[in-house]
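S.K.: Just one file: target.cif, with mmCIF, C-alpha atoms.
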```
data_run
#
loop_
_atom_site.label_atom_id
_atom_site.label_comp_id
_atom_site.auth_asym_id
_atom_site.auth_seq_id
_atom_site.Cartn_x
_atom_site.Cartn_y
_atom_site.Cartn_z
CA MET C 3 -16.35 -24.85 16.22
CA ALA C 4 -13.41 -22.59 17.01
CA LEU C 5 -12.13 -22.86 13.41
CA LYS C 6 -15.60 -22.02 12.09
CA THR C 7 -15.79 -18.98 14.38
CA MET C 8 -12.35 -17.80 13.23
CA SER C 9 -13.37 -18.27 9.58
CA LEU C 10 -16.57 -16.24 10.04
CA ARG C 11 -14.61 -13.52 11.85
CA ALA C 12 -12.03 -13.41 9.07
CA ARG C 13 -14.75 -13.08 6.42
CA ARG C 14 -16.44 -10.26 8.34
CA ALA C 15 -13.12 -8.45 8.74
CA LEU C 16 -12.37 -8.81 5.03
CA ALA C 17 -15.85 -7.57 4.04
CA GLU C 18 -15.40 -4.50 6.26
CA PHE C 19 -11.93 -3.90 4.83
CA LEU C 20 -13.22 -4.05 1.24
CA LYS C 21 -16.10 -1.71 2.03
CA ASP C 22 -13.93 0.89 3.78
CA GLU C 23 -11.13 0.71 1.21
CA ALA C 24 -13.50 1.07 -1.77
CA ALA C 25 -15.20 4.13 -0.24
CA GLY C 26 -11.85 5.51 0.88
CA GLY C 27 -10.64 5.12 -2.70
CA TYR C 28 -13.19 7.67 -3.87
CA VAL C 29 -12.07 10.13 -1.20
CA LEU C 30 -8.43 9.52 -2.17
CA MET C 31 -9.25 10.16 -5.84
CA ALA C 32 -10.99 13.41 -4.90
CA ALA C 33 -8.03 14.49 -2.73
CA ALA C 34 -5.54 13.80 -5.53
CA ALA C 35 -7.69 15.65 -8.08
CA LEU C 36 -8.04 18.61 -5.69
CA ALA C 37 -4.27 18.71 -5.18
CA LEU C 38 -3.74 18.94 -8.95
CA VAL C 39 -6.33 21.72 -9.24
CA VAL C 40 -4.84 23.72 -6.36
CA ALA C 41 -1.25 23.22 -7.62
CA ASN C 42 -2.29 24.78 -10.95
CA SER C 43 -4.34 27.66 -9.52
CA PRO C 44 -3.54 31.03 -7.92
CA LEU C 45 -3.40 29.11 -4.62
CA ALA C 46 -0.35 27.13 -5.74
CA GLU C 47 2.20 29.27 -3.89
CA ALA C 48 0.22 29.03 -0.64
CA TYR C 49 -0.24 25.25 -1.12
CA PHE C 50 3.46 24.48 -1.62
CA GLY C 51 4.46 27.02 1.04
CA ALA C 52 2.18 25.46 3.65
CA LEU C 53 3.77 22.04 3.10
CA ARG C 54 7.21 23.55 3.82
CA ILE C 55 6.19 25.18 7.12
CA TYR C 56 8.04 23.67 10.08
CA LEU C 57 5.97 22.52 13.04
CA GLY C 58 8.57 21.69 15.65
CA PRO C 59 11.37 19.48 14.28
CA LEU C 60 9.58 18.50 11.05
CA SER C 61 7.89 20.28 8.15
CA ALA C 62 4.15 19.83 7.59
CA LEU C 63 4.91 17.49 4.68
CA HIS C 64 7.21 15.37 6.86
CA TRP C 65 4.63 15.19 9.65
CA ILE C 66 2.19 13.77 7.12
CA ASN C 67 4.66 11.39 5.44
CA ASP C 68 6.53 10.27 8.58
CA GLY C 69 3.88 10.75 11.26
CA LEU C 70 0.37 10.22 9.91
CA MET C 71 1.54 7.53 7.51
CA ALA C 72 2.77 5.52 10.50
CA ALA C 73 -0.93 4.89 11.20
CA PHE C 74 -1.34 3.68 7.60
CA PHE C 75 1.57 1.27 8.02
CA LEU C 76 0.22 0.16 11.40
CA LEU C 77 -3.06 -0.77 9.72
CA VAL C 78 -1.21 -2.53 6.89
CA GLY C 79 0.77 -4.53 9.45
CA LEU C 80 -2.40 -5.49 11.33
CA GLU C 81 -4.06 -6.62 8.10
CA ILE C 82 -1.05 -8.68 7.07
CA LYS C 83 -0.88 -10.36 10.49
CA ARG C 84 -4.62 -11.10 10.54
CA GLU C 85 -4.69 -12.47 7.01
CA VAL C 86 -1.65 -14.70 7.63
CA LEU C 87 -2.90 -16.08 10.96
CA ASP C 88 -6.65 -16.03 10.50
CA GLY C 89 -7.66 -15.12 6.94
CA GLN C 90 -7.15 -15.46 3.22
CA LEU C 91 -3.41 -16.06 3.54
CA SER C 92 -3.56 -18.63 6.34
CA ARG C 93 -3.59 -21.69 4.04
CA PRO C 94 -0.71 -22.43 1.64
CA ALA C 95 -3.13 -23.42 -1.12
CA ASP C 96 -4.76 -19.98 -0.98
CA VAL C 97 -1.44 -18.12 -0.89
CA LEU C 98 0.21 -19.63 -3.99
CA LEU C 99 -1.73 -17.84 -6.75
CA PRO C 100 -1.86 -14.28 -5.32
CA GLY C 101 1.59 -14.68 -3.73
CA ALA C 102 3.37 -15.71 -6.92
CA ALA C 103 1.38 -13.18 -8.98
CA ALA C 104 2.34 -10.43 -6.53
CA LEU C 105 6.04 -11.33 -6.86
CA GLY C 106 5.75 -11.12 -10.64
CA GLY C 107 4.00 -7.77 -10.26
CA VAL C 108 6.82 -6.46 -8.06
CA ALA C 109 9.75 -7.73 -10.13
CA LEU C 110 8.75 -6.91 -13.72
CA PRO C 111 7.89 -3.21 -13.13
CA ALA C 112 11.28 -2.79 -11.43
CA VAL C 113 13.01 -4.40 -14.44
CA ILE C 114 11.16 -2.11 -16.86
CA TYR C 115 12.07 0.98 -14.82
CA LEU C 116 15.73 -0.05 -14.68
CA ALA C 117 15.74 -0.66 -18.44
CA PHE C 118 14.90 3.01 -19.02
CA ASN C 119 17.10 4.41 -16.25
CA ALA C 120 20.16 2.14 -16.31
CA GLY C 121 22.36 4.90 -17.75
CA HIS C 122 21.13 7.58 -15.35
CA PRO C 123 22.76 7.23 -11.90
CA ALA C 124 20.66 10.05 -10.40
CA SER C 125 17.37 8.29 -11.08
CA ILE C 126 18.23 4.61 -10.70
CA ALA C 127 17.22 4.68 -7.00
CA GLY C 128 13.57 4.91 -8.06
CA TRP C 129 13.44 1.30 -9.28
CA ALA C 130 10.86 0.28 -6.64
CA ILE C 131 8.41 3.12 -7.37
CA PRO C 132 6.18 1.21 -9.85
CA SER C 133 6.17 -2.01 -7.82
CA ALA C 134 3.20 -1.43 -5.47
CA THR C 135 -0.57 -1.52 -6.06
CA ASP C 136 -2.80 1.09 -4.39
CA ILE C 137 -5.53 -1.05 -2.84
CA ALA C 138 -7.86 1.89 -2.11
CA PHE C 139 -7.79 3.19 -5.70
CA ALA C 140 -8.04 -0.29 -7.25
CA LEU C 141 -10.96 -1.38 -5.05
CA GLY C 142 -12.65 1.95 -5.71
CA VAL C 143 -12.53 1.23 -9.45
CA LEU C 144 -13.81 -2.32 -8.87
CA ALA C 145 -16.67 -0.98 -6.78
CA LEU C 146 -17.78 1.16 -9.75
CA LEU C 147 -18.39 -2.07 -11.68
CA GLY C 148 -20.73 -3.47 -9.02
CA PRO C 149 -21.70 -7.17 -9.19
CA ARG C 150 -20.18 -7.52 -12.66
CA VAL C 151 -16.93 -8.55 -10.91
CA PRO C 152 -17.10 -11.71 -8.75
CA SER C 153 -16.23 -11.23 -5.10
CA SER C 154 -13.44 -13.82 -5.43
CA LEU C 155 -11.54 -11.41 -7.69
CA LYS C 156 -11.88 -8.64 -5.10
CA VAL C 157 -10.34 -11.00 -2.55
CA PHE C 158 -7.62 -11.91 -5.08
CA LEU C 159 -6.82 -8.23 -5.69
CA THR C 160 -6.80 -7.54 -1.95
CA ALA C 161 -4.38 -10.43 -1.32
CA ILE C 162 -2.04 -9.17 -4.08
CA ALA C 163 -2.13 -5.62 -2.72
CA ILE C 164 -1.41 -6.82 0.84
CA MET C 165 1.57 -8.84 -0.41
CA ASP C 166 2.69 -5.84 -2.47
CA ASP C 167 2.62 -3.77 0.70
CA LEU C 168 4.63 -6.42 2.53
CA ALA C 169 7.21 -6.42 -0.29
CA ALA C 170 7.31 -2.61 -0.18
CA ILE C 171 7.92 -2.68 3.58
CA VAL C 172 10.87 -5.04 3.10
CA ILE C 173 12.22 -2.92 0.21
CA ILE C 174 11.99 0.28 2.28
CA ALA C 175 13.77 -1.36 5.20
CA LEU C 176 16.56 -2.84 3.07
CA PHE C 177 17.13 -0.24 0.33
CA TYR C 178 15.81 3.11 1.57
CA THR C 179 17.39 3.30 5.01
CA ALA C 180 19.64 6.27 5.69
CA GLN C 181 22.74 6.18 7.89
CA LEU C 182 21.98 4.22 11.05
CA HIS C 183 22.33 5.75 14.52
CA LEU C 184 23.03 2.76 16.74
CA PRO C 185 22.03 4.19 20.16
CA TYR C 186 18.53 5.04 18.90
CA LEU C 187 18.33 1.72 17.04
CA ALA C 188 19.26 -0.14 20.24
CA GLY C 189 16.60 1.81 22.13
CA ALA C 190 14.01 0.89 19.49
CA GLY C 191 15.04 -2.76 19.81
CA ALA C 192 14.61 -2.61 23.59
CA VAL C 193 11.11 -1.12 23.27
CA LEU C 194 10.22 -3.79 20.72
CA LEU C 195 11.32 -6.49 23.16
CA VAL C 196 9.07 -4.99 25.85
CA LEU C 197 6.15 -5.02 23.38
CA ILE C 198 6.83 -8.67 22.58
CA GLY C 199 6.92 -9.35 26.32
CA LEU C 200 3.50 -7.73 26.76
CA ASN C 201 2.18 -10.02 24.03
CA ARG C 202 3.70 -13.09 25.70
CA LEU C 203 2.19 -12.07 29.04
CA LYS C 204 -1.22 -11.88 27.30
CA VAL C 205 -1.77 -8.20 28.09
CA MET C 206 -5.09 -7.43 26.36
CA ALA C 207 -5.34 -3.68 27.03
CA LEU C 208 -4.34 -1.59 24.01
CA TRP C 209 -3.02 1.50 25.79
CA PRO C 210 0.37 0.02 26.84
CA TYR C 211 1.04 -1.04 23.25
CA LEU C 212 0.06 2.36 21.84
CA LEU C 213 2.05 4.29 24.45
CA LEU C 214 5.18 2.23 23.79
CA GLY C 215 4.42 2.44 20.06
CA ALA C 216 4.72 6.24 20.23
CA VAL C 217 8.13 5.86 21.93
CA LEU C 218 9.11 3.29 19.30
CA TRP C 219 8.13 5.71 16.50
CA PHE C 220 10.36 8.46 17.94
CA LEU C 221 13.35 6.15 18.36
CA VAL C 222 12.95 4.69 14.85
CA LEU C 223 12.66 8.22 13.42
CA LYS C 224 15.98 9.13 15.06
CA SER C 225 17.66 5.82 14.17
CA GLY C 226 17.83 6.42 10.41
CA ILE C 227 15.25 3.78 9.52
CA HIS C 228 12.08 5.30 8.10
CA ALA C 229 9.73 6.10 10.98
CA THR C 230 6.67 4.49 9.38
CA LEU C 231 8.26 1.05 9.81
CA ALA C 232 7.63 1.49 13.54
CA GLY C 233 3.93 1.11 12.71
CA VAL C 234 4.57 -2.29 11.11
CA ALA C 235 6.75 -3.45 14.03
CA LEU C 236 4.07 -2.38 16.52
CA ALA C 237 1.36 -4.19 14.54
CA LEU C 238 3.21 -7.49 14.73
CA THR C 239 3.21 -7.35 18.55
CA ILE C 240 -0.55 -6.66 18.95
CA PRO C 241 -2.21 -9.86 20.27
CA LEU C 242 -4.60 -11.78 18.04
CA ARG C 243 -6.77 -14.06 20.15
CA GLU C 244 -9.94 -15.99 19.42
CA GLY C 245 -13.00 -13.76 19.56
CA ASP C 246 -14.14 -10.52 17.94
CA HIS C 247 -12.79 -8.41 20.83
CA SER C 248 -9.18 -9.41 20.33
CA PRO C 249 -6.85 -6.38 20.67
CA LEU C 250 -5.81 -6.70 17.02
CA HIS C 251 -9.41 -6.68 15.79
CA ARG C 252 -10.32 -3.74 18.03
CA LEU C 253 -7.38 -1.66 16.86
CA GLU C 254 -7.88 -2.61 13.21
CA HIS C 255 -11.57 -1.67 13.43
CA ALA C 256 -10.69 1.65 15.10
CA LEU C 257 -8.11 2.52 12.42
CA HIS C 258 -10.04 1.60 9.27
CA LYS C 259 -12.10 4.75 8.85
CA PRO C 260 -9.50 7.30 10.05
CA VAL C 261 -6.88 5.83 7.72
CA ALA C 262 -9.25 5.44 4.74
CA PHE C 263 -10.95 8.82 5.08
CA VAL C 264 -8.33 11.04 6.75
CA VAL C 265 -4.74 9.74 6.60
CA THR C 266 -4.46 8.55 2.99
CA PRO C 267 -6.51 11.46 1.56
CA MET C 268 -4.26 13.92 3.45
CA PHE C 269 -1.21 12.08 2.09
CA GLY C 270 -2.68 12.18 -1.42
CA PHE C 271 -3.48 15.89 -1.18
CA ALA C 272 0.00 16.72 0.17
CA ASN C 273 1.92 14.60 -2.35
CA ALA C 274 -0.09 14.61 -5.59
CA GLY C 275 0.23 18.34 -6.21
CA LEU C 276 2.03 18.88 -9.52
CA SER C 277 2.28 22.09 -11.48
CA PHE C 278 1.74 21.51 -15.20
CA ALA C 279 3.40 24.81 -16.11
CA GLY C 280 5.91 24.05 -18.84
CA VAL C 281 5.02 20.34 -18.83
CA GLY C 282 4.28 18.97 -22.30
CA LEU C 283 3.84 15.52 -23.81
CA ALA C 284 7.60 15.37 -24.30
CA ALA C 285 8.00 15.24 -20.51
CA LEU C 286 6.49 11.76 -20.56
CA LEU C 287 9.45 10.53 -22.61
CA ASP C 288 12.02 11.34 -19.93
CA PRO C 289 13.48 8.17 -18.37
CA VAL C 290 11.86 8.55 -14.93
CA PRO C 291 8.21 9.19 -15.95
CA LEU C 292 8.44 6.72 -18.82
CA GLY C 293 9.93 4.01 -16.61
CA VAL C 294 7.34 4.58 -13.87
CA ALA C 295 4.35 4.80 -16.23
CA LEU C 296 5.31 1.71 -18.27
CA GLY C 297 6.33 -0.14 -15.13
CA LEU C 298 2.87 0.40 -13.67
CA PHE C 299 0.82 -0.07 -16.83
CA ALA C 300 2.76 -2.77 -18.69
CA GLY C 301 4.93 -4.33 -15.99
CA LYS C 302 2.16 -4.86 -13.44
CA GLN C 303 -0.31 -6.51 -15.79
CA LEU C 304 2.31 -8.69 -17.48
CA GLY C 305 3.91 -9.70 -14.19
CA VAL C 306 0.66 -10.46 -12.35
CA PHE C 307 -1.27 -12.08 -15.20
CA GLY C 308 1.72 -13.87 -16.71
CA VAL C 309 2.60 -15.66 -13.48
CA ALA C 310 -1.05 -16.38 -12.60
CA PHE C 311 -1.79 -17.71 -16.11
CA GLY C 312 1.28 -19.95 -16.00
CA LEU C 313 0.33 -21.44 -12.63
CA ILE C 314 -3.25 -22.07 -13.76
CA LYS C 315 -2.19 -23.71 -17.02
CA LEU C 316 0.31 -25.92 -15.18
CA GLY C 317 -2.48 -27.03 -12.86
CA TRP C 318 -0.70 -25.70 -9.78
CA ALA C 319 -3.45 -23.19 -9.01
CA ARG C 320 -7.09 -22.59 -9.90
CA LEU C 321 -8.91 -19.53 -11.17
CA PRO C 322 -10.67 -17.59 -8.41
CA ARG C 323 -14.20 -18.98 -8.00
CA GLY C 324 -16.68 -17.66 -10.57
CA ALA C 325 -14.03 -15.73 -12.54
CA SER C 326 -12.96 -16.06 -16.17
CA LEU C 327 -9.46 -15.59 -17.56
CA SER C 328 -10.46 -12.31 -19.18
CA GLN C 329 -11.76 -11.02 -15.85
CA LEU C 330 -8.52 -12.13 -14.18
CA TYR C 331 -6.62 -10.17 -16.83
CA GLY C 332 -8.73 -7.07 -16.16
CA VAL C 333 -7.88 -7.26 -12.46
CA ALA C 334 -4.19 -7.73 -13.35
CA VAL C 335 -4.37 -4.46 -15.32
CA LEU C 336 -5.94 -2.74 -12.31
CA CYS C 337 -2.91 -3.78 -10.26
CA GLY C 338 -1.08 -1.05 -12.18
CA VAL C 339 -2.95 1.59 -10.18
CA GLY C 340 -0.09 2.54 -7.89
CA PHE C 341 -0.54 5.81 -6.04
CA THR C 342 -0.02 5.95 -2.27
CA MET C 343 2.94 3.59 -1.94
CA SER C 344 4.49 4.70 -5.25
CA LEU C 345 4.51 8.37 -4.19
CA PHE C 346 5.71 7.35 -0.73
CA ILE C 347 8.70 5.44 -2.14
CA SER C 348 9.51 8.29 -4.54
CA ALA C 349 9.86 10.66 -1.57
CA LEU C 350 12.40 8.22 -0.08
CA ALA C 351 14.25 7.59 -3.34
CA PHE C 352 14.69 11.19 -4.49
CA LYS C 353 15.54 14.52 -2.91
CA ASP C 354 15.65 16.45 -6.20
CA PRO C 355 12.25 18.22 -6.65
CA LEU C 356 12.53 17.75 -10.44
CA LEU C 357 12.81 13.97 -10.11
CA ILE C 358 9.92 13.90 -7.63
CA ASP C 359 7.75 15.86 -10.09
CA GLN C 360 8.75 13.52 -12.90
CA THR C 361 7.76 10.59 -10.69
CA LYS C 362 4.34 12.17 -10.13
CA ILE C 363 3.85 12.46 -13.90
CA GLY C 364 4.69 8.79 -14.33
CA VAL C 365 2.55 7.62 -11.40
CA LEU C 366 -0.49 9.62 -12.50
CA THR C 367 -0.15 8.55 -16.14
CA GLY C 368 0.44 4.86 -15.44
CA SER C 369 -2.26 4.68 -12.76
CA LEU C 370 -4.86 6.47 -14.89
CA ALA C 371 -4.13 4.26 -17.90
CA SER C 372 -4.34 1.13 -15.74
CA ALA C 373 -7.64 2.22 -14.16
CA LEU C 374 -9.33 3.11 -17.46
CA VAL C 375 -8.10 0.09 -19.43
CA GLY C 376 -8.71 -2.32 -16.55
CA MET C 377 -12.25 -1.04 -16.08
CA ALA C 378 -12.94 -1.30 -19.83
CA ILE C 379 -11.67 -4.91 -19.93
CA LEU C 380 -13.79 -5.90 -16.92
CA LYS C 381 -16.87 -4.29 -18.47
CA LEU C 382 -16.37 -6.23 -21.71
CA ALA C 383 -15.09 -9.47 -20.18
CA LYS C 384 -17.33 -12.50 -20.39
CA PRO C 385 -18.12 -14.11 -17.02
CA ALA C 386 -17.09 -17.66 -16.25
CA ARG C 387 -19.36 -20.40 -17.54
#
```
I need this file expressed as structure tokens, please.
M.R.:
Amino acid sequence: MALKTMSLRARRALAEFLKDEAAGGYVLMAAAALALVVANSPLAEAYFGALRIYLGPLSALHWINDGLMAAFFLLVGLEIKREVLDGQLSRPADVLLPGAAALGGVALPAVIYLAFNAGHPASIAGWAIPSATDIAFALGVLALLGPRVPSSLKVFLTAIAIMDDLAAIVIIALFYTAQLHLPYLAGAGAVLLVLIGLNRLKVMALWPYLLLGAVLWFLVLKSGIHATLAGVALALTIPLREGDHSPLHRLEHALHKPVAFVVTPMFGFANAGLSFAGVGLAALLDPVPLGVALGLFAGKQLGVFGVAFGLIKLGWARLPRGASLSQLYGVAVLCGVGFTMSLFISALAFKDPLLIDQTKIGVLTGSLASALVGMAILKLAKPAR
């Protein structure tokens, strides 16, 4: 009975996640489009100037990228924990196909990017930019297709995107950490131990976790590790107990709409702005935009579908229920829609505004191509017999 209750709760949580993320994807698309319009209008100077205004110790752009995005990473951490303990990733048999496909979709885009940037030391740090799928954008595109796409493929795409996010978190922690400041790092470790202690003592109130989480964010910000990782660390300490009123479920439910409809659209609006003045088709052939665009469009679909197809043909995994191979391929193409995490990693990888703008060109081109081609394939794909 308890297992059945947990399964029903997990399905409800996943359904709510898919609904919020799909709707949030439309808002994110609108925010990105608005940023491009504003960045190429008479308001461009005011737009870029506002992002550089300092509010206390950080600029407005840094408050969005380091502060607000901590809530995004907190939600990602909660979703990963719930899915691993009580959801689609809780059984090894269900993890194999999306897990292996996600690894292929992380590795091959990085290889493609490095192939175009191997001789350019200034840009080689961007190798992880095309490795992540934007779940909000991708689910928004899937939602446009309605019942034509089986729900099992939406779950498959969600699992891949969650594992992508987990891989991105590890990559950020290992490869995009600045010089460490040990006193702050030790303080962050001490706060984390207190949070773990609260979990062990079965403290069910959320306010102690959130209060200590704010302290943890400050200490991580000062330690040299990117501040948003504090959100992930906090998420892993939030208790998940049987019942719909578990602290993790309550916090996840409270964060869904603010993150989907406020945090990620604000991030998209602040980071997608790109002036097209002096930008021609030749700009796409520079190593950075070409590596990012091809990494997202070609690397993602080949990595995800190639690994999934191999596992299915070997008999080690099965197609998602009710899906055909052509539909699986269409979803693999959609995995090349990489916006939020790709732009986030680019801000960590590069300090040169030119390289950041080139990254935006590659991300927008690769993501748009993946969305249009993936949607066309899914519209034409024959359903499973």
S.K.: Name the residues that the PyMOL selection byres ((chain C and resi 327) around 9) pulls out of this structure, and write them as a list in words.
M.R.: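 The output of the PyMOL selection byres ((chain C and resi 327) around 9) on this file is Phe311, Leu321, Ala325, Ser326, Ser328, Gln329, Leu330, Tyr331, Gly332, Ala383, Lys384, Pro385 and Ala386 of chain C.
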S.K.: Care to translate the PyMOL selection byres ((chain C and resi 358-364) around 7) into actual residues of this file, as an mmCIF file with C-alpha atoms, in the coordinates of the input?
M.R.:
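As written to disk, expr.cif reads:
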```cif
data_model
loop_
_atom_site.group_PDB
_atom_site.id
_atom_site.type_symbol
_atom_site.label_atom_id
_atom_site.label_comp_id
_atom_site.auth_asym_id
_atom_site.auth_seq_id
_atom_site.Cartn_x
_atom_site.Cartn_y
_atom_site.Cartn_z
ATOM 1 C CA ALA C 274 -0.090 14.610 -5.590
ATOM 2 C CA LEU C 276 2.030 18.880 -9.520
ATOM 3 C CA VAL C 290 11.860 8.550 -14.930
ATOM 4 C CA PRO C 291 8.210 9.190 -15.950
ATOM 5 C CA LEU C 292 8.440 6.720 -18.820
ATOM 6 C CA VAL C 294 7.340 4.580 -13.870
ATOM 7 C CA ALA C 295 4.350 4.800 -16.230
ATOM 8 C CA SER C 348 9.510 8.290 -4.540
ATOM 9 C CA ALA C 349 9.860 10.660 -1.570
ATOM 10 C CA PHE C 352 14.690 11.190 -4.490
ATOM 11 C CA ASP C 354 15.650 16.450 -6.200
ATOM 12 C CA PRO C 355 12.250 18.220 -6.650
ATOM 13 C CA LEU C 356 12.530 17.750 -10.440
ATOM 14 C CA LEU C 357 12.810 13.970 -10.110
ATOM 15 C CA VAL C 365 2.550 7.620 -11.400
ATOM 16 C CA LEU C 366 -0.490 9.620 -12.500
ATOM 17 C CA THR C 367 -0.150 8.550 -16.140
ATOM 18 C CA GLY C 368 0.440 4.860 -15.440
#
```
S.K.: Have a look at atom CA of C:Ala319 and atom CA of C:Ile162 and let me know their distance in Å, one decimal.
M.R.: 14.9 Å
S.K.: List as a PDB file with C-alpha atoms, keeping the file's coordinate frame the protein and nucleic acid residues near C:Gly376, meaning an atom at most 12 Å away when all atoms listed in the file are counted, but skip any in the same chain fewer than 5 places from it.
M.R.:
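Output below, filename part25.pdb:
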```
ATOM      1  CA  ALA C 140      -8.040  -0.290  -7.250  1.00  0.00           C
ATOM      2  CA  LEU C 141     -10.960  -1.380  -5.050  1.00  0.00           C
ATOM      3  CA  VAL C 143     -12.530   1.230  -9.450  1.00  0.00           C
ATOM      4  CA  LEU C 144     -13.810  -2.320  -8.870  1.00  0.00           C
ATOM      5  CA  LEU C 146     -17.780   1.160  -9.750  1.00  0.00           C
ATOM      6  CA  LEU C 147     -18.390  -2.070 -11.680  1.00  0.00           C
ATOM      7  CA  VAL C 151     -16.930  -8.550 -10.910  1.00  0.00           C
ATOM      8  CA  PHE C 299       0.820  -0.070 -16.830  1.00  0.00           C
ATOM      9  CA  ALA C 300       2.760  -2.770 -18.690  1.00  0.00           C
ATOM     10  CA  LYS C 302       2.160  -4.860 -13.440  1.00  0.00           C
ATOM     11  CA  GLN C 303      -0.310  -6.510 -15.790  1.00  0.00           C
ATOM     12  CA  SER C 328     -10.460 -12.310 -19.180  1.00  0.00           C
ATOM     13  CA  GLN C 329     -11.760 -11.020 -15.850  1.00  0.00           C
ATOM     14  CA  LEU C 330      -8.520 -12.130 -14.180  1.00  0.00           C
ATOM     15  CA  TYR C 331      -6.620 -10.170 -16.830  1.00  0.00           C
ATOM     16  CA  GLY C 332      -8.730  -7.070 -16.160  1.00  0.00           C
ATOM     17  CA  VAL C 333      -7.880  -7.260 -12.460  1.00  0.00           C
ATOM     18  CA  ALA C 334      -4.190  -7.730 -13.350  1.00  0.00           C
ATOM     19  CA  VAL C 335      -4.370  -4.460 -15.320  1.00  0.00           C
ATOM     20  CA  LEU C 336      -5.940  -2.740 -12.310  1.00  0.00           C
ATOM     21  CA  CYS C 337      -2.910  -3.780 -10.260  1.00  0.00           C
ATOM     22  CA  GLY C 338      -1.080  -1.050 -12.180  1.00  0.00           C
ATOM     23  CA  VAL C 339      -2.950   1.590 -10.180  1.00  0.00           C
ATOM     24  CA  GLY C 368       0.440   4.860 -15.440  1.00  0.00           C
ATOM     25  CA  SER C 369      -2.260   4.680 -12.760  1.00  0.00           C
ATOM     26  CA  LEU C 370      -4.860   6.470 -14.890  1.00  0.00           C
ATOM     27  CA  ALA C 371      -4.130   4.260 -17.900  1.00  0.00           C
ATOM     28  CA  LYS C 381     -16.870  -4.290 -18.470  1.00  0.00           C
ATOM     29  CA  LEU C 382     -16.370  -6.230 -21.710  1.00  0.00           C
ATOM     30  CA  ALA C 383     -15.090  -9.470 -20.180  1.00  0.00           C
TER      31      ALA C 383
END
```
S.K.: Tell me, in Å to one decimal, how far atom CA of C:Thr179 is from atom CA of C:Ala232.
M.R.: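 Separation between atom CA of C:Thr179 and atom CA of C:Ala232: 13.1 Å.
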S.K.: Near C:Met206, counting all atoms listed in the file, which residues have an atom at most 10 Å away, once you skip same-chain residues fewer than 4 positions from it, shown as a count of residues only?
M.R.: 12
S.K.: Can you translate the PyMOL selection byres ((chain C and resi 108-124) around 7) into the concrete residues it hits in this file, as a list in words?
M.R.: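 With the shown file as input, the PyMOL selection byres ((chain C and resi 108-124) around 7) matches Ala104, Leu105, Gly106, Gly107, Ser125, Ile126, Trp129, Ala130, Pro132, Ser133, Ala134, Asp166, Pro289, Val290, Gly293, Val294, Gly297, Leu298, Gly301, Lys302 and Gly305 of chain C.
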S.K.: Can you tell me how far atom CA of C:Gly312 sits from atom CA of C:Val86, in Å to one decimal?
M.R.: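 Separating atom CA of C:Gly312 from atom CA of C:Val86 is a distance of 24.4 Å.
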